[in-house]
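J.: Enclosed is the structure file query_6.txt (compact mmCIF, C-alpha atoms and all ligand atoms).
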```txt
# COMPACT_ATOMS: atom_id res chain seq x y z
CA MET C 1 -179.86 -14.18 -60.51
CA PRO C 2 -179.38 -14.07 -56.75
CA ASP C 3 -176.28 -12.22 -55.57
CA PHE C 4 -175.29 -14.99 -53.15
CA ASP C 5 -173.49 -18.29 -53.54
CA THR C 6 -176.11 -21.04 -53.48
CA SER C 7 -173.42 -23.76 -53.46
CA VAL C 8 -172.51 -22.87 -49.86
CA PRO C 9 -175.05 -23.69 -47.15
CA HIS C 10 -176.33 -20.68 -45.27
CA ILE C 11 -177.76 -20.92 -41.77
CA ALA C 12 -180.97 -19.02 -42.58
CA ARG C 13 -181.75 -21.46 -45.41
CA VAL C 14 -180.64 -24.57 -43.46
CA TYR C 15 -182.94 -23.42 -40.65
CA ASP C 16 -185.71 -22.96 -43.20
CA TYR C 17 -185.11 -26.56 -44.33
CA TRP C 18 -185.22 -27.87 -40.75
CA LEU C 19 -188.55 -26.06 -40.33
CA GLY C 20 -189.95 -27.66 -43.49
CA GLY C 21 -189.76 -24.45 -45.55
CA LYS C 22 -189.18 -24.11 -49.28
CA ASP C 23 -186.63 -21.27 -49.40
CA ASN C 24 -183.49 -23.38 -49.52
CA PHE C 25 -181.07 -24.77 -52.11
CA ALA C 26 -179.43 -28.19 -52.62
CA ALA C 27 -176.39 -27.33 -50.46
CA ASP C 28 -178.69 -26.22 -47.63
CA ARG C 29 -180.71 -29.42 -47.86
CA VAL C 30 -177.58 -31.60 -47.76
CA MET C 31 -176.35 -29.75 -44.67
CA GLY C 32 -179.86 -29.90 -43.21
CA GLU C 33 -179.88 -33.70 -43.53
CA ARG C 34 -176.31 -34.19 -42.29
CA THR C 35 -177.04 -32.21 -39.15
CA LEU C 36 -180.39 -33.90 -38.60
CA GLN C 37 -178.69 -37.27 -38.80
CA ALA C 38 -176.24 -36.17 -36.09
CA TYR C 39 -179.09 -34.89 -33.92
CA PRO C 40 -182.58 -36.02 -35.00
CA ASN C 41 -184.22 -34.05 -32.17
CA LEU C 42 -183.15 -30.89 -34.00
CA VAL C 43 -186.59 -30.87 -35.61
CA TYR C 44 -188.09 -30.52 -32.14
CA SER C 45 -185.62 -27.77 -31.28
CA VAL C 46 -186.46 -25.54 -34.23
CA ARG C 47 -190.19 -26.00 -33.73
CA ALA C 48 -189.88 -25.37 -30.00
CA ASN C 49 -187.87 -22.27 -30.85
CA ARG C 50 -190.66 -20.84 -33.03
CA ALA C 51 -193.21 -21.71 -30.35
CA PHE C 52 -191.01 -19.89 -27.79
CA LEU C 53 -191.00 -16.83 -30.07
CA VAL C 54 -194.80 -16.86 -30.22
CA ARG C 55 -195.21 -17.24 -26.45
CA THR C 56 -192.66 -14.54 -25.63
CA VAL C 57 -194.18 -12.02 -28.07
CA ARG C 58 -197.60 -12.75 -26.60
CA PHE C 59 -196.22 -12.33 -23.08
CA LEU C 60 -194.47 -9.07 -23.99
CA ALA C 61 -197.58 -7.69 -25.68
CA GLY C 62 -199.44 -8.57 -22.47
CA GLN C 63 -196.88 -6.49 -20.55
CA GLY C 64 -197.87 -3.50 -22.67
CA ILE C 65 -194.87 -3.66 -25.03
CA ARG C 66 -195.75 -2.18 -28.42
CA GLN C 67 -192.29 -1.99 -29.99
CA PHE C 68 -190.16 -4.96 -31.07
CA LEU C 69 -186.61 -5.05 -32.42
CA ASP C 70 -186.27 -8.56 -33.87
CA ILE C 71 -182.60 -9.24 -34.68
CA GLY C 72 -181.77 -12.40 -36.67
CA THR C 73 -185.26 -12.51 -38.13
CA GLY C 74 -184.86 -15.50 -40.43
CA ILE C 75 -186.74 -16.31 -43.61
CA PRO C 76 -190.43 -15.51 -43.06
CA THR C 77 -192.46 -18.48 -41.85
CA ALA C 78 -195.64 -18.96 -39.85
CA ASN C 79 -196.21 -16.54 -36.97
CA ASN C 80 -193.62 -13.89 -37.66
CA THR C 81 -193.15 -11.43 -34.81
CA HIS C 82 -195.32 -8.67 -36.30
CA GLU C 83 -198.18 -11.10 -36.97
CA VAL C 84 -198.25 -12.31 -33.37
CA ALA C 85 -197.82 -8.83 -31.88
CA GLN C 86 -200.31 -7.06 -34.16
CA ARG C 87 -202.94 -9.75 -33.62
CA ILE C 88 -202.91 -8.71 -29.97
CA ALA C 89 -202.14 -5.01 -30.39
CA PRO C 90 -202.61 -3.74 -33.98
CA ASP C 91 -200.62 -0.58 -33.20
CA SER C 92 -197.41 -2.59 -32.55
CA ARG C 93 -194.28 -1.39 -34.32
CA ILE C 94 -191.70 -3.96 -35.42
CA VAL C 95 -188.21 -3.58 -36.83
CA TYR C 96 -186.66 -6.69 -38.33
CA VAL C 97 -182.88 -7.07 -38.73
CA ASP C 98 -180.91 -9.75 -40.55
CA ASN C 99 -177.62 -9.85 -42.45
CA ASP C 100 -178.61 -12.55 -44.95
CA PRO C 101 -179.44 -11.41 -48.51
CA VAL C 102 -181.99 -14.23 -48.81
CA VAL C 103 -183.92 -12.91 -45.82
CA LEU C 104 -183.68 -9.44 -47.35
CA SER C 105 -185.14 -10.78 -50.60
CA HIS C 106 -188.17 -12.01 -48.62
CA ALA C 107 -188.55 -8.86 -46.57
CA LYS C 108 -191.77 -7.87 -48.35
CA ALA C 109 -193.61 -10.60 -46.43
CA LEU C 110 -192.33 -9.08 -43.20
CA LEU C 111 -193.58 -5.63 -44.02
CA LYS C 112 -197.30 -6.33 -44.23
CA SER C 113 -198.14 -4.22 -41.23
CA THR C 114 -201.54 -3.30 -39.93
CA PRO C 115 -202.40 0.30 -40.85
CA GLU C 116 -202.27 1.27 -37.14
CA GLY C 117 -198.80 -0.19 -36.62
CA ALA C 118 -195.53 -0.24 -38.55
CA CYS C 119 -192.98 -2.73 -39.85
CA ALA C 120 -189.49 -2.03 -41.14
CA TYR C 121 -186.57 -4.14 -42.25
CA ILE C 122 -182.89 -3.34 -41.74
CA ASP C 123 -180.14 -5.19 -43.60
CA ALA C 124 -177.51 -5.12 -40.83
CA ASP C 125 -175.24 -7.21 -38.64
CA LEU C 126 -175.85 -8.00 -34.98
CA ARG C 127 -172.14 -7.31 -34.39
CA ASP C 128 -172.77 -3.66 -35.28
CA PRO C 129 -175.45 -2.68 -32.76
CA ASP C 130 -174.83 1.05 -33.28
CA ALA C 131 -175.86 0.80 -36.94
CA ILE C 132 -178.95 -1.23 -35.95
CA LEU C 133 -180.00 1.25 -33.27
CA ALA C 134 -179.51 4.27 -35.53
CA ALA C 135 -181.64 2.77 -38.32
CA ALA C 136 -184.27 1.36 -35.92
CA ALA C 137 -184.85 4.83 -34.48
CA ASP C 138 -186.64 5.75 -37.72
CA THR C 139 -189.45 3.38 -36.70
CA LEU C 140 -189.12 2.84 -32.95
CA ASP C 141 -189.37 5.47 -30.22
CA PHE C 142 -186.52 4.65 -27.83
CA THR C 143 -188.04 6.88 -25.13
CA LYS C 144 -190.69 4.14 -24.75
CA PRO C 145 -190.15 0.45 -23.87
CA VAL C 146 -188.84 -1.83 -26.59
CA ALA C 147 -188.56 -5.63 -26.65
CA VAL C 148 -185.28 -6.78 -28.16
CA MET C 149 -185.85 -10.22 -29.66
CA LEU C 150 -182.68 -12.32 -29.97
CA ILE C 151 -184.23 -15.61 -30.98
CA ALA C 152 -181.66 -18.24 -31.96
CA VAL C 153 -179.08 -15.67 -33.04
CA MET C 154 -176.63 -15.01 -30.18
CA HIS C 155 -175.03 -18.41 -30.80
CA PHE C 156 -173.53 -16.86 -33.94
CA VAL C 157 -171.49 -14.54 -31.72
CA GLY C 158 -168.95 -16.97 -30.31
CA ASP C 159 -166.80 -14.58 -28.32
CA ASP C 160 -168.25 -14.08 -24.83
CA ALA C 161 -166.80 -10.57 -24.44
CA GLN C 162 -168.24 -9.49 -27.79
CA ALA C 163 -171.61 -11.07 -26.97
CA GLY C 164 -171.67 -9.26 -23.61
CA ALA C 165 -170.78 -5.95 -25.24
CA ILE C 166 -173.58 -6.35 -27.81
CA MET C 167 -176.10 -7.09 -25.05
CA ARG C 168 -174.96 -4.05 -23.04
CA ARG C 169 -175.08 -1.73 -26.08
CA LEU C 170 -178.56 -2.86 -27.12
CA THR C 171 -180.03 -2.63 -23.62
CA ALA C 172 -178.30 0.70 -22.86
CA ALA C 173 -180.30 2.21 -25.74
CA CYS C 174 -183.59 1.09 -24.17
CA VAL C 175 -185.52 2.70 -21.31
CA PRO C 176 -186.34 0.83 -18.07
CA GLY C 177 -189.33 -1.44 -18.62
CA SER C 178 -187.87 -2.63 -21.91
CA HIS C 179 -187.33 -6.36 -22.27
CA VAL C 180 -185.01 -8.87 -23.91
CA ALA C 181 -186.27 -12.25 -25.15
CA LEU C 182 -183.50 -14.67 -26.06
CA SER C 183 -183.14 -18.31 -27.06
CA HIS C 184 -179.84 -20.07 -27.61
CA ALA C 185 -178.63 -23.51 -28.70
CA ALA C 186 -177.44 -25.52 -25.69
CA SER C 187 -174.11 -27.24 -25.10
CA ASP C 188 -175.37 -29.05 -22.00
CA ILE C 189 -178.54 -30.72 -23.31
CA ASP C 190 -177.93 -33.86 -25.39
CA ALA C 191 -174.31 -32.64 -25.27
CA ALA C 192 -172.55 -35.21 -27.48
CA GLN C 193 -175.14 -35.14 -30.28
CA MET C 194 -175.34 -31.34 -30.22
CA ALA C 195 -171.54 -31.06 -30.41
CA GLU C 196 -171.43 -33.36 -33.44
CA MET C 197 -174.33 -31.53 -35.09
CA VAL C 198 -172.54 -28.17 -34.70
CA ARG C 199 -169.22 -29.64 -35.86
CA ARG C 200 -170.93 -30.64 -39.12
CA LEU C 201 -172.70 -27.30 -39.45
CA ASN C 202 -169.51 -25.33 -38.92
CA GLU C 203 -167.67 -27.31 -41.61
CA SER C 204 -169.13 -25.12 -44.31
CA THR C 205 -171.55 -22.44 -43.10
CA ALA C 206 -170.12 -18.92 -43.02
CA GLU C 207 -171.81 -18.02 -39.73
CA LYS C 208 -170.17 -20.30 -37.15
CA THR C 209 -172.34 -21.60 -34.33
CA THR C 210 -171.10 -21.62 -30.73
CA LEU C 211 -173.10 -23.56 -28.17
CA ARG C 212 -173.38 -22.20 -24.63
CA ASP C 213 -174.39 -23.89 -21.39
CA ARG C 214 -177.16 -22.65 -19.14
CA ALA C 215 -174.78 -20.50 -17.06
CA GLY C 216 -173.30 -18.95 -20.21
CA VAL C 217 -176.73 -18.10 -21.58
CA THR C 218 -177.79 -16.70 -18.19
CA ARG C 219 -174.73 -14.39 -18.24
CA LEU C 220 -176.05 -12.79 -21.43
CA PHE C 221 -178.85 -11.34 -19.27
CA ASP C 222 -176.41 -9.64 -16.84
CA GLY C 223 -177.81 -6.34 -15.53
CA LEU C 224 -181.40 -7.30 -16.35
CA ASP C 225 -184.13 -8.81 -14.15
CA LEU C 226 -185.09 -12.26 -15.38
CA VAL C 227 -188.82 -12.84 -15.58
CA GLU C 228 -190.06 -16.12 -14.01
CA PRO C 229 -189.15 -18.93 -14.63
CA GLY C 230 -185.69 -17.56 -15.57
CA VAL C 231 -183.42 -19.25 -18.08
CA ILE C 232 -184.93 -22.63 -18.73
CA ARG C 233 -185.31 -25.11 -21.58
CA ALA C 234 -187.15 -22.98 -24.13
CA ALA C 235 -189.98 -25.51 -24.37
CA GLU C 236 -190.58 -25.11 -20.63
CA TRP C 237 -190.79 -21.31 -20.69
CA ARG C 238 -194.46 -20.67 -19.84
CA PRO C 239 -195.67 -23.51 -22.08
CA ASP C 240 -199.28 -23.62 -23.24
CA THR C 241 -199.57 -27.37 -22.73
CA ASP C 242 -197.70 -30.23 -21.00
CA LEU C 243 -197.09 -31.71 -24.43
CA GLU C 244 -195.34 -28.53 -25.57
CA ALA C 245 -193.21 -28.48 -22.41
CA ALA C 246 -192.13 -32.08 -23.01
CA SER C 247 -190.55 -31.28 -26.39
CA PRO C 248 -186.96 -32.59 -26.41
CA ALA C 249 -185.47 -29.29 -27.56
CA ALA C 250 -181.80 -28.50 -26.87
CA LEU C 251 -182.33 -24.82 -26.41
CA TRP C 252 -182.16 -22.40 -23.47
CA GLY C 253 -184.59 -19.51 -23.37
CA GLY C 254 -185.45 -16.59 -21.15
CA VAL C 255 -187.01 -13.16 -20.95
CA ALA C 256 -185.71 -10.29 -18.83
CA ARG C 257 -186.76 -6.74 -18.00
CA LYS C 258 -184.53 -3.71 -17.77
CA PRO C 259 -184.84 -2.45 -14.18
CA GLY C 260 -185.16 1.13 -13.03
C1 LIG P 301 -181.48 -19.82 -36.72
S1 LIG P 301 -182.15 -18.44 -37.61
C2 LIG P 301 -183.36 -17.84 -36.45
C3 LIG P 301 -184.50 -17.09 -37.10
C4 LIG P 301 -185.59 -16.60 -36.15
N1 LIG P 301 -185.06 -15.62 -35.20
C5 LIG P 301 -186.18 -17.75 -35.40
O1 LIG P 301 -185.78 -17.95 -34.25
O2 LIG P 301 -187.01 -18.47 -35.93
C6 LIG P 301 -180.84 -17.27 -37.42
C7 LIG P 301 -180.98 -16.01 -38.26
O3 LIG P 301 -180.01 -15.07 -37.79
C8 LIG P 301 -179.37 -14.48 -38.89
N2 LIG P 301 -178.02 -14.07 -38.46
C9 LIG P 301 -176.97 -14.86 -38.15
N3 LIG P 301 -175.92 -14.13 -37.80
C10 LIG P 301 -176.31 -12.82 -37.87
C11 LIG P 301 -175.66 -11.58 -37.64
N4 LIG P 301 -174.38 -11.54 -37.24
N5 LIG P 301 -176.36 -10.44 -37.83
C12 LIG P 301 -177.65 -10.48 -38.23
N6 LIG P 301 -178.33 -11.63 -38.47
C13 LIG P 301 -177.67 -12.79 -38.30
C14 LIG P 301 -179.35 -15.56 -39.96
O4 LIG P 301 -179.23 -15.00 -41.26
C15 LIG P 301 -180.70 -16.23 -39.75
O5 LIG P 301 -181.70 -15.63 -40.51
```
Could you quickly redo this structure as C-alpha cells?

T.:
Amino acid sequence: MPDFDTSVPHIARVYDYWLGGKDNFAADRVMGERTLQAYPNLVYSVRANRAFLVRTVRFLAGQGIRQFLDIGTGIPTANNTHEVAQRIAPDSRIVYVDNDPVVLSHAKALLKSTPEGACAYIDADLRDPDAILAAAADTLDFTKPVAVMLIAVMHFVGDDAQAGAIMRRLTAACVPGSHVALSHAASDIDAAQMAEMVRRLNESTAEKTTLRDRAGVTRLFDGLDLVEPGVIRAAEWRPDTDLEAASPAALWGGVARKPG
C-alpha cells in the first residue's frame, strides 16, 4: 500500500493528470477537472512548460553545461531532464529533487543514466536548500558550472523573502558560469481565470500555489544576468516554431547566468 493519502489531491499527480499521464488517483482527477474548468488553457500551460524545459536544457547543454540540479522534478513523463541533456552530451550528470513520495516511487525511471553520465534522486524539500546541496554534492562537482532547474516549482514558495533566500542560497553554492532556468505560473496573464483556478487548487492541495507577476518572477533572478530574451511568456522563450510561441500559456520563464 502507498504511504500517502490518495483521497487528498497532490500537485504532482494533478499535474500528471493535466499532462495526460496515468499516475494519478480519483481525487487528483476531480481537482484536475475542476481547475481545468476554471482555466481551460491550463492544458496549454503545462505542455508549454514541458516544452520550455526541453528548450532550456538544450540551450544549457549548448552552453557547455554538463551538470543539472532539477528541483521539483515531477512524476516522470516524456523528455525528462536527463534524457534531453544526455541525448546531447552523454556525460551529463543530473540530480533530481522532489518532496513527493509518489515521485520518489517513480524515481527508477529517472535514474536510467547513460554509462558516461550519472543520475541521482534526492527526496528533499526546496525550502531546505542546504540539505539539497549537501546531498547533491555526492553526484555534482560544485567547482564546475551547474544548471539549477526550477521548472514550475517556485510558485509553491509563497513568501517572497523565503523565495529570495532560497534563490540566493542555491546560486551561492554554484560557480560563475552556472545558470538558473525557471518557469512560474503567472498572476498577470489571463488574471481572473488563473486566480479562480488557483483558488480551487488551494482548497485542498497541501502545497499551496502562489501566482507571481512578471516583475515578481524577474526579482527571483536578482544578482544573475538574464539571458536574452529575459523573463518572457515561457512559450516565447526561444521557441522552435511560431506555433509553439503562440501557445496561450499563463507562465513566465527565463534563464540567467551567474556572473563573475
Ligand atoms: C508542477 S510540478 C512540475 C514538475 C516539473 N518540474 C515540470 O515542470 O514538468 C511541481 C513539482 O514540484 C514538487 N514540489 C512542490 N513543492 C516542493 C517542495 N517544497 N520541495 C520539493 N519539491 C516540491 C511537486 O511534488 C511536483 O512534483

J.: Once you add 5 Å to each side, what are the centre and edge lengths of the axis-aligned box holding all listed atoms of ligand LIG 301 (chain P)? One decimal in Å, as lines of an AutoDock Vina configuration file, if you can.

T.:
```
center_x = -180.7
center_y = -15.1
center_z = -37.8
size_x = 22.6
size_y = 19.4
size_z = 17.0
```

J.: Using all atoms listed in the file, what does the table of chain C residues within 7 Å of ligand LIG 301 (chain P) look like, with each row giving the shortest atom pair and its distance in Å to one decimal, sorted by chain and ascending number, as a Markdown table?

T.:
```
| residue | atom | partner | partner_atom | distance |
| --- | --- | --- | --- | --- |
| C:Ile11 | CA | P:LIG301 | C14 | 5.9 |
| C:Ala12 | CA | P:LIG301 | C15 | 4.0 |
| C:Tyr15 | CA | P:LIG301 | C1 | 5.5 |
| C:Asn49 | CA | P:LIG301 | O1 | 5.9 |
| C:Arg50 | CA | P:LIG301 | O2 | 5.2 |
| C:Leu53 | CA | P:LIG301 | O1 | 6.8 |
| C:Ile71 | CA | P:LIG301 | N6 | 6.2 |
| C:Gly72 | CA | P:LIG301 | O3 | 3.4 |
| C:Thr73 | CA | P:LIG301 | N1 | 4.3 |
| C:Gly74 | CA | P:LIG301 | O5 | 3.2 |
| C:Ile75 | CA | P:LIG301 | O5 | 6.0 |
| C:Val97 | CA | P:LIG301 | C12 | 6.3 |
| C:Asp98 | CA | P:LIG301 | N6 | 3.8 |
| C:Asn99 | CA | P:LIG301 | C12 | 4.3 |
| C:Asp100 | CA | P:LIG301 | O4 | 4.5 |
| C:Val103 | CA | P:LIG301 | O5 | 6.4 |
| C:Ala124 | CA | P:LIG301 | C12 | 6.0 |
| C:Asp125 | CA | P:LIG301 | N5 | 3.5 |
| C:Leu126 | CA | P:LIG301 | N5 | 3.8 |
| C:Arg127 | CA | P:LIG301 | N4 | 5.6 |
| C:Leu150 | CA | P:LIG301 | N1 | 6.6 |
| C:Ile151 | CA | P:LIG301 | N1 | 4.3 |
| C:Ala152 | CA | P:LIG301 | O1 | 4.7 |
| C:Val153 | CA | P:LIG301 | O3 | 4.9 |
| C:Phe156 | CA | P:LIG301 | N3 | 5.3 |
| C:Val157 | CA | P:LIG301 | N4 | 6.9 |
| C:Glu207 | CA | P:LIG301 | N3 | 6.0 |
```

J.: Write the residues of the preceding selection, restricted to C-alpha atoms, as an mmCIF file, in the coordinates of the input.

T.:
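Resulting contents of result-v3.cif:
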```cif
data_model
loop_
_atom_site.group_PDB
_atom_site.id
_atom_site.type_symbol
_atom_site.label_atom_id
_atom_site.label_comp_id
_atom_site.auth_asym_id
_atom_site.auth_seq_id
_atom_site.Cartn_x
_atom_site.Cartn_y
_atom_site.Cartn_z
ATOM 1 C CA ILE C 11 -177.760 -20.920 -41.770
ATOM 2 C CA ALA C 12 -180.970 -19.020 -42.580
ATOM 3 C CA TYR C 15 -182.940 -23.420 -40.650
ATOM 4 C CA ASN C 49 -187.870 -22.270 -30.850
ATOM 5 C CA ARG C 50 -190.660 -20.840 -33.030
ATOM 6 C CA LEU C 53 -191.000 -16.830 -30.070
ATOM 7 C CA ILE C 71 -182.600 -9.240 -34.680
ATOM 8 C CA GLY C 72 -181.770 -12.400 -36.670
ATOM 9 C CA THR C 73 -185.260 -12.510 -38.130
ATOM 10 C CA GLY C 74 -184.860 -15.500 -40.430
ATOM 11 C CA ILE C 75 -186.740 -16.310 -43.610
ATOM 12 C CA VAL C 97 -182.880 -7.070 -38.730
ATOM 13 C CA ASP C 98 -180.910 -9.750 -40.550
ATOM 14 C CA ASN C 99 -177.620 -9.850 -42.450
ATOM 15 C CA ASP C 100 -178.610 -12.550 -44.950
ATOM 16 C CA VAL C 103 -183.920 -12.910 -45.820
ATOM 17 C CA ALA C 124 -177.510 -5.120 -40.830
ATOM 18 C CA ASP C 125 -175.240 -7.210 -38.640
ATOM 19 C CA LEU C 126 -175.850 -8.000 -34.980
ATOM 20 C CA ARG C 127 -172.140 -7.310 -34.390
ATOM 21 C CA LEU C 150 -182.680 -12.320 -29.970
ATOM 22 C CA ILE C 151 -184.230 -15.610 -30.980
ATOM 23 C CA ALA C 152 -181.660 -18.240 -31.960
ATOM 24 C CA VAL C 153 -179.080 -15.670 -33.040
ATOM 25 C CA PHE C 156 -173.530 -16.860 -33.940
ATOM 26 C CA VAL C 157 -171.490 -14.540 -31.720
ATOM 27 C CA GLU C 207 -171.810 -18.020 -39.730
#
```

J.: Looking at all atoms listed in the file, which of C:Leu110, C:Ala85, C:Val57, C:Leu201 is the one that sits closest to Leu36 of chain C?

T.: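 Looking at the shortest contact to Leu36 of chain C, the residue is C:Leu201.
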
J.: So which residues touch Ala109 of chain C within 9 Å, counting only C-alpha atoms, skipping near sequence neighbours fewer than 3 positions away, as a count of residues only?

T.: 3

J.: Looking at all atoms listed in the file, which of C:Ser92, C:Thr6, C:Gln86, C:Thr209 is the one that sits closest to Phe68 of chain C?

T.: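 Ranking C:Ser92, C:Thr6, C:Gln86, C:Thr209 by distance to Phe68 of chain C, first place goes to C:Ser92.
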
J.: Tell me, in Å to one decimal, how far atom CA of Thr139 of chain C is from atom CA of Gly117 of chain C.

T.: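 According to the coordinates, atom CA of Thr139 of chain C and atom CA of Gly117 of chain C are separated by 10.0 Å.
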
J.: For segment 235-240 of chain C, work out the shell of residues within 8 Å, counting all atoms listed in the file and skipping chain neighbours fewer than 5 positions away, then give it as a list in words.

T.: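 Near segment 235-240 of chain C, the qualifying residues are Ala48, Asn49, Ala51, Phe52, Arg55, Pro229, Ala245, Ala246, Ser247, Pro248, Ala249, Leu251, Gly253 and Gly254 of chain C.
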